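Below is the file start22.txt, which contains compact mmCIF, C-alpha atoms.
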```
# COMPACT_ATOMS: atom_id res chain seq x y z
CA MET A 20 126.93 -171.40 -181.81
CA TRP A 21 124.35 -173.76 -180.26
CA HIS A 22 121.72 -171.07 -180.89
CA LEU A 23 122.51 -171.32 -184.60
CA LEU A 24 122.26 -175.10 -184.49
CA ALA A 25 118.96 -174.88 -182.62
CA THR A 26 117.64 -172.59 -185.35
CA THR A 27 118.56 -175.15 -187.97
CA CYS A 28 116.52 -177.74 -186.04
CA TRP A 29 113.42 -175.61 -186.48
CA MET A 30 114.23 -175.22 -190.16
CA LEU A 31 114.36 -179.00 -190.45
CA LEU A 32 111.10 -179.49 -188.57
CA LEU A 33 109.32 -176.85 -190.63
CA GLY A 34 111.07 -177.85 -193.83
CA PRO A 35 108.15 -179.70 -195.51
CA VAL A 36 105.88 -176.68 -195.02
CA TYR A 37 108.27 -174.38 -196.84
CA GLY A 38 109.30 -176.83 -199.52
CA CYS A 39 112.59 -177.97 -198.00
CA HIS A 40 113.62 -181.57 -198.67
CA LYS A 41 116.46 -183.98 -197.98
CA LYS A 42 118.52 -183.16 -201.02
CA GLY A 43 122.17 -182.95 -200.01
CA SER A 44 121.55 -185.00 -196.87
CA THR A 45 123.75 -188.05 -196.31
CA THR A 46 124.11 -189.79 -192.97
CA ASN A 47 127.16 -192.01 -192.53
CA PRO A 48 126.15 -195.37 -191.04
CA GLU A 49 128.69 -195.04 -188.20
CA ALA A 50 126.77 -192.05 -186.82
CA ASN A 51 124.16 -194.48 -185.50
CA MET A 52 126.54 -197.21 -184.31
CA ASN A 53 128.25 -198.00 -181.04
CA ILE A 54 132.03 -198.45 -180.87
CA SER A 55 131.94 -202.23 -181.33
CA GLN A 56 129.75 -201.87 -184.39
CA ILE A 57 132.06 -199.25 -185.91
CA ILE A 58 135.12 -201.47 -185.44
CA SER A 59 133.28 -204.41 -187.00
CA TYR A 60 131.90 -202.23 -189.82
CA TRP A 61 135.44 -201.50 -190.96
CA GLY A 62 136.31 -205.17 -190.96
CA TYR A 63 138.30 -205.44 -187.74
CA PRO A 64 137.83 -207.94 -184.93
CA TYR A 65 136.97 -206.53 -181.52
CA GLU A 66 136.74 -207.52 -177.89
CA THR A 67 135.10 -205.62 -175.02
CA TYR A 68 136.04 -205.74 -171.35
CA ASP A 69 135.05 -204.17 -168.05
CA VAL A 70 137.97 -203.04 -165.90
CA VAL A 71 137.29 -202.42 -162.20
CA THR A 72 139.41 -199.82 -160.43
CA LYS A 73 140.52 -200.04 -156.80
CA ASP A 74 137.88 -197.47 -155.84
CA GLY A 75 135.06 -199.35 -157.58
CA TYR A 76 134.60 -197.62 -160.93
CA ILE A 77 133.88 -199.91 -163.88
CA LEU A 78 135.62 -198.81 -167.08
CA GLY A 79 134.57 -200.06 -170.50
CA ILE A 80 137.56 -200.74 -172.76
CA TYR A 81 137.82 -202.04 -176.31
CA ARG A 82 140.41 -204.20 -178.02
CA ILE A 83 141.29 -204.65 -181.70
CA PRO A 84 143.57 -207.70 -181.39
CA HIS A 85 144.83 -207.73 -184.98
CA GLY A 86 144.18 -206.50 -188.50
CA ARG A 87 141.40 -207.36 -190.92
CA GLY A 88 140.83 -211.03 -191.57
CA CYS A 89 143.79 -212.57 -189.75
CA PRO A 90 146.63 -211.55 -187.43
CA LYS A 91 149.14 -211.18 -190.27
CA THR A 92 147.27 -208.51 -192.24
CA ASP A 93 147.66 -204.71 -191.88
CA VAL A 94 150.34 -203.41 -189.50
CA GLY A 95 149.49 -206.15 -187.00
CA TYR A 96 149.49 -204.30 -183.67
CA ASP A 97 147.25 -205.25 -180.76
CA VAL A 98 145.30 -202.03 -180.09
CA TRP A 99 143.46 -201.24 -176.85
CA LEU A 100 141.09 -198.28 -176.49
CA GLY A 101 140.77 -197.07 -172.90
CA ASN A 102 138.19 -194.84 -171.24
CA SER A 103 138.13 -192.71 -168.11
CA ARG A 104 135.41 -192.79 -165.47
CA GLY A 105 132.27 -190.81 -166.19
CA ASN A 106 132.40 -190.74 -169.97
CA THR A 107 129.87 -192.38 -172.28
CA PHE A 108 131.55 -195.78 -172.11
CA SER A 109 132.47 -195.88 -168.42
CA ARG A 110 129.52 -194.90 -166.31
CA LYS A 111 129.18 -197.74 -163.80
CA HIS A 112 130.33 -198.34 -160.23
CA LEU A 113 130.26 -201.28 -157.83
CA LYS A 114 128.55 -199.20 -155.14
CA PHE A 115 127.49 -195.73 -156.33
CA SER A 116 124.82 -194.82 -158.86
CA PRO A 117 125.66 -192.22 -161.54
CA LYS A 118 122.62 -190.38 -160.20
CA SER A 119 124.46 -189.75 -156.92
CA PRO A 120 126.93 -186.93 -156.20
CA GLU A 121 129.27 -189.50 -154.62
CA TYR A 122 129.83 -191.09 -158.03
CA TRP A 123 130.94 -187.77 -159.54
CA ALA A 124 133.38 -186.81 -156.75
CA PHE A 125 136.47 -187.21 -158.91
CA SER A 126 138.81 -185.23 -161.13
CA LEU A 127 142.04 -185.78 -163.07
CA ASP A 128 143.75 -187.03 -159.90
CA GLU A 129 141.56 -190.13 -159.64
CA MET A 130 141.79 -190.86 -163.36
CA ALA A 131 145.58 -190.93 -163.01
CA LYS A 132 145.68 -192.71 -159.66
CA TYR A 133 143.10 -195.41 -160.38
CA ASP A 134 141.85 -195.53 -163.99
CA LEU A 135 145.12 -195.58 -165.89
CA PRO A 136 146.89 -198.12 -163.63
CA ALA A 137 143.83 -200.42 -163.65
CA THR A 138 143.63 -200.30 -167.44
CA ILE A 139 147.36 -200.78 -168.06
CA ASN A 140 147.64 -203.60 -165.52
CA PHE A 141 144.61 -205.34 -167.03
CA ILE A 142 146.15 -205.20 -170.52
CA ILE A 143 149.53 -206.41 -169.23
CA GLU A 144 147.86 -209.36 -167.51
CA LYS A 145 145.70 -210.20 -170.53
CA THR A 146 148.46 -209.98 -173.15
CA ARG A 147 151.35 -211.19 -170.96
CA GLN A 148 153.49 -208.39 -172.36
CA LYS A 149 156.09 -206.77 -170.14
CA GLN A 150 155.62 -203.29 -171.61
CA LEU A 151 153.10 -201.31 -173.67
CA TYR A 152 153.19 -198.31 -175.98
CA TYR A 153 150.89 -195.54 -174.72
CA VAL A 154 149.29 -193.03 -177.10
CA GLY A 155 147.44 -190.17 -175.42
CA HIS A 156 145.74 -187.03 -176.71
CA SER A 157 144.96 -183.93 -174.63
CA GLN A 158 143.50 -185.16 -171.31
CA GLY A 159 144.91 -188.59 -172.16
CA THR A 160 148.36 -187.01 -171.88
CA THR A 161 147.47 -185.11 -168.71
CA ILE A 162 146.56 -188.19 -166.70
CA ALA A 163 149.60 -190.00 -168.14
CA PHE A 164 152.00 -187.24 -167.02
CA ILE A 165 150.46 -187.42 -163.55
CA ALA A 166 150.47 -191.23 -163.37
CA PHE A 167 153.93 -191.82 -164.83
CA SER A 168 155.57 -189.12 -162.68
CA THR A 169 154.00 -190.32 -159.39
CA ASN A 170 153.87 -194.08 -159.96
CA PRO A 171 157.36 -195.37 -160.93
CA GLU A 172 156.23 -199.00 -161.09
CA LEU A 173 153.51 -198.13 -163.59
CA ALA A 174 155.98 -196.02 -165.59
CA LYS A 175 158.24 -199.06 -166.00
CA ARG A 176 155.45 -200.76 -167.95
CA ILE A 177 155.49 -198.11 -170.70
CA LYS A 178 158.01 -198.51 -173.50
CA ILE A 179 157.21 -195.17 -175.20
CA PHE A 180 154.68 -192.47 -174.31
CA PHE A 181 153.37 -190.77 -177.46
CA ALA A 182 151.90 -187.42 -176.38
CA LEU A 183 149.61 -185.67 -178.89
CA ALA A 184 148.58 -182.10 -178.06
CA PRO A 185 149.93 -182.49 -174.50
CA VAL A 186 148.27 -180.59 -171.67
CA THR A 187 149.81 -180.03 -168.25
CA THR A 188 149.58 -176.28 -167.63
CA LEU A 189 146.94 -174.05 -169.24
CA LYS A 190 148.39 -170.65 -168.54
CA TYR A 191 148.18 -169.54 -172.18
CA THR A 192 145.16 -171.51 -173.41
CA GLN A 193 142.76 -169.60 -175.65
CA SER A 194 139.88 -172.08 -175.58
CA PRO A 195 136.41 -170.53 -175.14
CA MET A 196 136.05 -172.83 -172.13
CA LYS A 197 138.47 -170.44 -170.44
CA LYS A 198 135.50 -168.14 -169.81
CA LEU A 199 134.24 -170.61 -167.22
CA THR A 200 137.27 -169.83 -165.10
CA ASN A 201 135.88 -166.36 -164.41
CA LEU A 202 133.09 -167.97 -162.41
CA SER A 203 133.44 -168.81 -158.75
CA ARG A 204 133.29 -172.44 -157.66
CA LYS A 205 129.88 -171.74 -156.13
CA ALA A 206 128.60 -170.20 -159.38
CA VAL A 207 129.78 -173.21 -161.41
CA LYS A 208 127.90 -175.56 -159.10
CA VAL A 209 124.78 -173.40 -159.29
CA LEU A 210 124.92 -173.53 -163.10
CA PHE A 211 125.99 -177.16 -163.59
CA GLY A 212 125.27 -178.88 -160.28
CA ASP A 213 127.71 -181.23 -158.56
CA LYS A 214 127.42 -184.29 -160.80
CA MET A 215 127.91 -184.70 -164.55
CA PHE A 216 129.20 -182.09 -166.97
CA SER A 217 128.37 -182.25 -170.69
CA PRO A 218 126.43 -185.48 -171.20
CA HIS A 219 125.75 -186.82 -174.68
CA THR A 220 122.03 -186.23 -175.21
CA PHE A 221 119.31 -187.00 -177.74
CA PHE A 222 119.64 -183.39 -178.90
CA ASP A 223 123.33 -184.00 -179.74
CA GLN A 224 122.39 -187.09 -181.75
CA PHE A 225 119.69 -185.12 -183.55
CA ILE A 226 122.16 -182.36 -184.42
CA ALA A 227 124.64 -184.96 -185.68
CA THR A 228 122.32 -187.01 -187.87
CA LYS A 229 119.70 -184.46 -188.96
CA VAL A 230 121.68 -181.23 -189.21
CA CYS A 231 125.42 -181.80 -189.58
CA ASN A 232 124.87 -184.47 -192.25
CA ARG A 233 123.59 -181.80 -194.66
CA LYS A 234 125.90 -179.83 -196.91
CA ILE A 235 124.07 -176.58 -196.22
CA PHE A 236 124.93 -176.79 -192.50
CA ARG A 237 128.49 -178.12 -192.76
CA ARG A 238 130.07 -174.71 -192.29
CA ILE A 239 128.06 -174.02 -189.13
CA CYS A 240 128.90 -177.43 -187.65
CA SER A 241 132.59 -177.27 -188.56
CA ASN A 242 132.88 -173.74 -187.16
CA PHE A 243 131.60 -175.04 -183.83
CA ILE A 244 134.48 -177.55 -183.77
CA PHE A 245 136.99 -174.90 -184.83
CA THR A 246 135.79 -172.40 -182.23
CA LEU A 247 136.60 -174.91 -179.49
CA SER A 248 139.81 -176.34 -180.93
CA GLY A 249 141.39 -173.82 -183.33
CA PHE A 250 140.97 -173.39 -187.08
CA ASP A 251 142.19 -175.72 -189.82
CA PRO A 252 139.23 -176.09 -192.21
CA LYS A 253 141.16 -177.64 -195.10
CA ASN A 254 142.16 -180.61 -192.95
CA LEU A 255 138.68 -181.67 -191.84
CA ASN A 256 136.59 -184.18 -193.81
CA MET A 257 133.28 -182.29 -193.89
CA SER A 258 131.38 -185.35 -195.12
CA ARG A 259 132.06 -187.05 -191.76
CA LEU A 260 130.76 -184.32 -189.44
CA ASP A 261 127.74 -186.38 -188.40
CA VAL A 262 130.05 -189.14 -187.13
CA TYR A 263 132.28 -186.71 -185.26
CA PHE A 264 129.34 -185.15 -183.42
CA ALA A 265 127.49 -188.41 -182.81
CA GLN A 266 130.49 -190.31 -181.44
CA SER A 267 131.62 -187.80 -178.87
CA SER A 268 132.77 -189.60 -175.69
CA ALA A 269 130.93 -186.98 -173.69
CA GLY A 270 130.62 -186.74 -169.96
CA THR A 271 132.85 -186.03 -167.02
CA SER A 272 132.37 -184.60 -163.56
CA VAL A 273 131.80 -180.97 -162.73
CA GLN A 274 134.71 -181.46 -160.35
CA THR A 275 136.96 -182.28 -163.32
CA MET A 276 135.96 -179.01 -164.96
CA LEU A 277 136.76 -177.19 -161.71
CA HIS A 278 140.16 -178.88 -161.80
CA TRP A 279 140.73 -177.57 -165.33
CA ALA A 280 139.60 -174.09 -164.23
CA GLN A 281 142.08 -174.28 -161.37
CA ALA A 282 144.86 -175.11 -163.85
CA VAL A 283 143.98 -172.11 -165.99
CA ASN A 284 143.85 -169.69 -163.05
CA SER A 285 146.97 -170.95 -161.29
CA GLY A 286 149.14 -171.70 -164.30
CA ARG A 287 150.43 -174.74 -162.40
CA PHE A 288 150.29 -178.50 -162.86
CA GLN A 289 148.73 -179.39 -159.54
CA ALA A 290 146.33 -181.78 -157.81
CA PHE A 291 142.74 -180.69 -157.24
CA ASP A 292 142.21 -178.11 -154.51
CA TRP A 293 139.31 -179.38 -152.41
CA GLY A 294 138.52 -175.87 -151.25
CA ASN A 295 139.75 -175.80 -147.67
CA PRO A 296 142.85 -176.92 -145.73
CA ASP A 297 141.03 -179.65 -143.80
CA GLN A 298 139.84 -181.37 -146.97
CA ASN A 299 143.26 -181.01 -148.59
CA MET A 300 144.86 -182.52 -145.49
CA LYS A 301 142.42 -185.43 -145.69
CA HIS A 302 143.27 -186.17 -149.31
CA PHE A 303 146.94 -185.16 -149.55
CA HIS A 304 148.21 -185.01 -145.94
CA GLN A 305 149.14 -181.39 -146.51
CA LEU A 306 147.28 -178.07 -146.40
CA THR A 307 147.60 -177.31 -150.13
CA PRO A 308 147.35 -179.66 -153.12
CA PRO A 309 150.74 -181.01 -154.27
CA LEU A 310 152.37 -179.95 -157.51
CA TYR A 311 153.01 -182.61 -160.15
CA ASN A 312 156.65 -182.77 -161.20
CA VAL A 313 156.93 -184.04 -164.78
CA SER A 314 160.72 -184.28 -164.47
CA ASN A 315 160.20 -187.28 -162.17
CA MET A 316 158.86 -189.25 -165.14
CA GLU A 317 161.40 -191.70 -166.58
CA VAL A 318 159.37 -192.82 -169.63
CA PRO A 319 160.78 -192.20 -173.14
CA THR A 320 158.40 -189.62 -174.58
CA ALA A 321 157.59 -188.36 -178.08
CA VAL A 322 155.57 -185.16 -178.45
CA TRP A 323 153.52 -183.56 -181.23
CA SER A 324 151.98 -180.09 -180.94
CA GLY A 325 149.90 -177.84 -183.21
CA GLY A 326 150.54 -174.25 -184.16
CA GLN A 327 146.79 -173.48 -184.37
CA ASP A 328 145.87 -175.36 -181.19
CA CYS A 329 143.92 -172.99 -178.94
CA VAL A 330 143.65 -175.54 -176.11
CA ALA A 331 147.21 -176.86 -175.78
CA ASP A 332 148.77 -173.51 -176.59
CA LEU A 333 152.28 -173.64 -178.02
CA LYS A 334 153.67 -171.52 -175.15
CA ASP A 335 152.44 -174.05 -172.60
CA VAL A 336 153.92 -176.89 -174.64
CA GLU A 337 157.25 -175.08 -174.93
CA ASN A 338 157.31 -174.73 -171.13
CA LEU A 339 156.56 -178.45 -170.78
CA LEU A 340 159.25 -179.80 -173.11
CA PRO A 341 162.33 -178.97 -170.95
CA THR A 342 160.75 -180.83 -168.01
CA ILE A 343 160.46 -184.11 -169.93
CA THR A 344 163.56 -186.02 -168.82
CA LYS A 345 163.55 -188.52 -171.69
CA LEU A 346 162.24 -186.54 -174.62
CA ILE A 347 163.11 -188.67 -177.66
CA TYR A 348 161.18 -186.77 -180.35
CA TYR A 349 159.32 -183.51 -180.85
CA LYS A 350 157.41 -182.21 -183.85
CA LEU A 351 155.50 -178.96 -184.24
CA ILE A 352 152.86 -179.07 -186.97
CA PRO A 353 152.16 -175.39 -187.78
CA HIS A 354 148.66 -175.81 -189.27
CA TYR A 355 147.31 -178.25 -186.63
CA ASN A 356 144.46 -177.46 -184.26
CA HIS A 357 143.50 -179.48 -181.17
CA VAL A 358 141.45 -182.15 -182.96
CA ASP A 359 143.63 -182.56 -186.05
CA PHE A 360 145.63 -185.19 -184.18
CA TYR A 361 142.73 -187.63 -184.63
CA LEU A 362 140.43 -185.95 -187.18
CA GLY A 363 143.00 -184.38 -189.49
CA GLN A 364 143.01 -185.88 -192.99
CA ASP A 365 146.81 -185.75 -193.07
CA ALA A 366 147.29 -187.25 -189.58
CA PRO A 367 148.62 -190.56 -191.00
CA LEU A 368 151.32 -188.64 -192.86
CA GLU A 369 152.10 -186.08 -190.14
CA ILE A 370 151.92 -188.36 -187.08
CA TYR A 371 150.92 -192.00 -187.39
CA GLN A 372 153.69 -193.16 -189.71
CA ASP A 373 156.26 -191.76 -187.27
CA ILE A 374 154.57 -193.50 -184.33
CA ILE A 375 154.69 -196.83 -186.17
CA ARG A 376 158.30 -196.24 -187.18
CA MET A 377 159.33 -195.55 -183.59
CA MET A 378 157.45 -198.58 -182.29
CA GLU A 379 159.24 -200.77 -184.83
CA GLU A 380 162.61 -199.28 -183.87
CA TRP A 381 161.96 -199.89 -180.15
CA LEU A 382 160.67 -203.46 -180.44
```
Represent the structure from my file as structure tokens, please.
Amino acid sequence: MWHLLATTCWMLLLGPVYGCHKKGSTTNPEANMNISQIISYWGYPYETYDVVTKDGYILGIYRIPHGRGCPKTDVGYDVWLGNSRGNTFSRKHLKFSPKSPEYWAFSLDEMAKYDLPATINFIIEKTRQKQLYYVGHSQGTTIAFIAFSTNPELAKRIKIFFALAPVTTLKYTQSPMKKLTNLSRKAVKVLFGDKMFSPHTFFDQFIATKVCNRKIFRRICSNFIFTLSGFDPKNLNMSRLDVYFAQSSAGTSVQTMLHWAQAVNSGRFQAFDWGNPDQNMKHFHQLTPPLYNVSNMEVPTAVWSGGQDCVADLKDVENLLPTITKLIYYKLIPHYNHVDFYLGQDAPLEIYQDIIRMMEEWL
């Protein structure tokens, strides 16, 4: 797919020679904005904070304290947007440089052990609330299932956990990323190194604002999204493709990708295998990485899954549901793919109104 997009770049560069012009090209202003600017552009107030984890990572988080204009407008909730270490908005450390392999020596385990508790505790302290509602999608659910099942004190601070496209096991996933699991750990490190995986680059921005903003290339760009997430073309706003590509919170560690590959190959919800018994003993005080037991989680949980989701496959979700001790709601949306939960045009109708209703009922 990227070969097709690269070809379109040459078409754009050579366009004037062959009589091509910008007809049909419209770039949404948000494609060239940062998160704060996007929030402000839509008329909402915002606040930005740096949260420091116990192991020194500095996480950028955003807050929308109330609705447009004044606290009494719109629904009125205080919304916090968190980020995990290594992504576009959280790439700083008190000691290590992102250029060093030491910075990137983390996976899902550290996100759950350090990032999520630091973020939740910061919000609790700032707002003086006793409990929060947690909404997670995909990896956001993964680290929550780990954190809330291993950290009972943190779990007590969550009133409801809303899990969208939940991922714990990946035994049945059909994502193209599954092909990476056929490579050995050594081969992955030869190909991608031992630092960052999938950074957001100038090339990505170029694709977003010079290619995917044109009607003629919308099908190519949307098919790239669908190939990775599952198909649901009628539910995607094609006129916003430039924003979706430009605002990707790209970047994680190669070690995180190895952790995902481990989950696919083992079919288990388990901590990262450091590769040898001595290293596992150092990190876990046992020879093999521990399994995560979701049934230990005592948080009331609502789940939504998609019938066309090739990442969080329905079979994996169906295996997860019986392990959720306090499952208060479940909805299968047959036409949903993996990104419909936040990009789907009918997401407010299919998901968000139910989330708001449940929050109001549990106040």
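Distance check against Tyr81 (chain A) using only C-alpha atoms: of A:Ile142, A:Ile352, A:Ala124, A:Cys231, the minimum falls on A:Ile142.
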Inset, instruction - Using all atoms listed in the file, find the one residue out of A:Trp323, A:Lys214, A:Phe250, A:Leu277 that sits nearest to Lys118 (chain A). - result: A:Lys214
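Each of A:Gln193, A:Asn242, A:Ser103, A:Asn47 was checked against Lys229 (chain A) using only C-alpha atoms; the smallest atom-to-atom distance is that of A:Asn47.
For the atom pair formed by CA of Val70 (chain A) and CA of Leu113 (chain A), the distance is 11.3 Å, given to one decimal.
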Exercise on region 339-346 of chain A, axis-aligned box with 5 Å per side, report centre and edge lengths in Å to one decimal, as JSON:
```
{"center_x": 160.1, "center_y": -183.5, "center_z": -171.3, "size_x": 17.0, "size_y": 20.1, "size_z": 16.6}
```
Legend entry - Straight-line distance linking CA of Arg287 (chain A) with CA of His302 (chain A), stated in Å to one decimal: 18.8 Å
Inset, instruction - Please measure the separation of CA of Tyr191 (chain A) and CA of Gln281 (chain A), giving the value in Å to one decimal. - result: 13.3 Å
Inset, instruction - Would you be able to write out as a PyMOL selection string which residues have an atom within 8 Å of (142.3, -208.9, -178.2) in the file's coordinates, counting all atoms listed in the file? - result: chain A and resi 65-66+82-85+97-99
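Nearest residue to Ile343 (chain A) among A:Thr161, A:Thr320, A:Asp297, A:Gly325 is A:Thr320, counting only C-alpha atoms.
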Quick test: take region 180-189 of chain A, keep all heavy atoms, and write it as an mmCIF file, in the first residue's frame.
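Below is the file that was written, selection-v9.cif:
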```cif
data_model
loop_
_atom_site.group_PDB
_atom_site.id
_atom_site.type_symbol
_atom_site.label_atom_id
_atom_site.label_comp_id
_atom_site.auth_asym_id
_atom_site.auth_seq_id
_atom_site.Cartn_x
_atom_site.Cartn_y
_atom_site.Cartn_z
ATOM 1 N N PHE A 180 -15.016 1.202 33.812
ATOM 2 C CA PHE A 180 -14.036 1.029 32.748
ATOM 3 C C PHE A 180 -14.809 0.753 31.462
ATOM 4 O O PHE A 180 -15.471 -0.268 31.332
ATOM 5 C CB PHE A 180 -13.104 -0.127 33.112
ATOM 6 C CG PHE A 180 -12.189 -0.621 32.016
ATOM 7 C CD1 PHE A 180 -11.835 0.168 30.927
ATOM 8 C CD2 PHE A 180 -11.648 -1.911 32.099
ATOM 9 C CE1 PHE A 180 -10.988 -0.295 29.939
ATOM 10 C CE2 PHE A 180 -10.793 -2.389 31.116
ATOM 11 C CZ PHE A 180 -10.471 -1.584 30.040
ATOM 12 N N PHE A 181 -14.757 1.689 30.510
ATOM 13 C CA PHE A 181 -15.402 1.525 29.212
ATOM 14 C C PHE A 181 -14.358 1.008 28.230
ATOM 15 O O PHE A 181 -13.409 1.725 27.890
ATOM 16 C CB PHE A 181 -15.976 2.856 28.729
ATOM 17 C CG PHE A 181 -17.018 3.445 29.643
ATOM 18 C CD1 PHE A 181 -16.706 4.487 30.495
ATOM 19 C CD2 PHE A 181 -18.314 2.944 29.665
ATOM 20 C CE1 PHE A 181 -17.656 5.038 31.336
ATOM 21 C CE2 PHE A 181 -19.282 3.484 30.506
ATOM 22 C CZ PHE A 181 -18.953 4.531 31.348
ATOM 23 N N ALA A 182 -14.511 -0.225 27.784
ATOM 24 C CA ALA A 182 -13.503 -0.891 26.949
ATOM 25 C C ALA A 182 -14.000 -0.995 25.505
ATOM 26 O O ALA A 182 -14.942 -1.741 25.210
ATOM 27 C CB ALA A 182 -13.200 -2.285 27.500
ATOM 28 N N LEU A 183 -13.367 -0.245 24.609
ATOM 29 C CA LEU A 183 -13.730 -0.237 23.193
ATOM 30 C C LEU A 183 -12.714 -1.059 22.410
ATOM 31 O O LEU A 183 -11.515 -0.817 22.498
ATOM 32 C CB LEU A 183 -13.753 1.203 22.664
ATOM 33 C CG LEU A 183 -14.474 2.261 23.506
ATOM 34 C CD1 LEU A 183 -14.416 3.619 22.818
ATOM 35 C CD2 LEU A 183 -15.909 1.851 23.776
ATOM 36 N N ALA A 184 -13.201 -2.041 21.654
ATOM 37 C CA ALA A 184 -12.314 -2.936 20.903
ATOM 38 C C ALA A 184 -11.236 -3.506 21.811
ATOM 39 O O ALA A 184 -10.041 -3.308 21.576
ATOM 40 C CB ALA A 184 -11.697 -2.224 19.713
ATOM 41 N N PRO A 185 -11.619 -4.206 22.884
ATOM 42 C CA PRO A 185 -10.639 -4.649 23.881
ATOM 43 C C PRO A 185 -9.665 -5.688 23.332
ATOM 44 O O PRO A 185 -10.035 -6.548 22.533
ATOM 45 C CB PRO A 185 -11.526 -5.259 24.973
ATOM 46 C CG PRO A 185 -12.742 -5.737 24.244
ATOM 47 C CD PRO A 185 -12.979 -4.694 23.173
ATOM 48 N N VAL A 186 -8.420 -5.576 23.784
ATOM 49 C CA VAL A 186 -7.383 -6.512 23.361
ATOM 50 C C VAL A 186 -6.646 -7.037 24.581
ATOM 51 O O VAL A 186 -6.024 -6.274 25.320
ATOM 52 C CB VAL A 186 -6.374 -5.839 22.412
ATOM 53 C CG1 VAL A 186 -5.294 -6.845 22.008
ATOM 54 C CG2 VAL A 186 -7.069 -5.289 21.173
ATOM 55 N N THR A 187 -6.733 -8.344 24.796
ATOM 56 C CA THR A 187 -5.908 -9.017 25.798
ATOM 57 C C THR A 187 -5.119 -10.127 25.102
ATOM 58 O O THR A 187 -3.899 -10.075 25.029
ATOM 59 C CB THR A 187 -6.758 -9.594 26.951
ATOM 60 O OG1 THR A 187 -7.816 -10.406 26.409
ATOM 61 C CG2 THR A 187 -7.357 -8.476 27.795
ATOM 62 N N THR A 188 -5.828 -11.104 24.559
ATOM 63 C CA THR A 188 -5.175 -12.137 23.744
ATOM 64 C C THR A 188 -5.354 -11.793 22.268
ATOM 65 O O THR A 188 -6.277 -11.081 21.887
ATOM 66 C CB THR A 188 -5.774 -13.525 24.015
ATOM 67 O OG1 THR A 188 -7.172 -13.511 23.682
ATOM 68 C CG2 THR A 188 -5.596 -13.901 25.478
ATOM 69 N N LEU A 189 -4.443 -12.317 21.442
ATOM 70 C CA LEU A 189 -4.490 -12.059 19.997
ATOM 71 C C LEU A 189 -4.390 -13.361 19.209
ATOM 72 O O LEU A 189 -3.839 -13.396 18.117
ATOM 73 C CB LEU A 189 -3.341 -11.126 19.601
ATOM 74 C CG LEU A 189 -3.482 -9.661 20.047
ATOM 75 C CD1 LEU A 189 -2.152 -8.939 19.933
ATOM 76 C CD2 LEU A 189 -4.531 -8.951 19.214
#
```
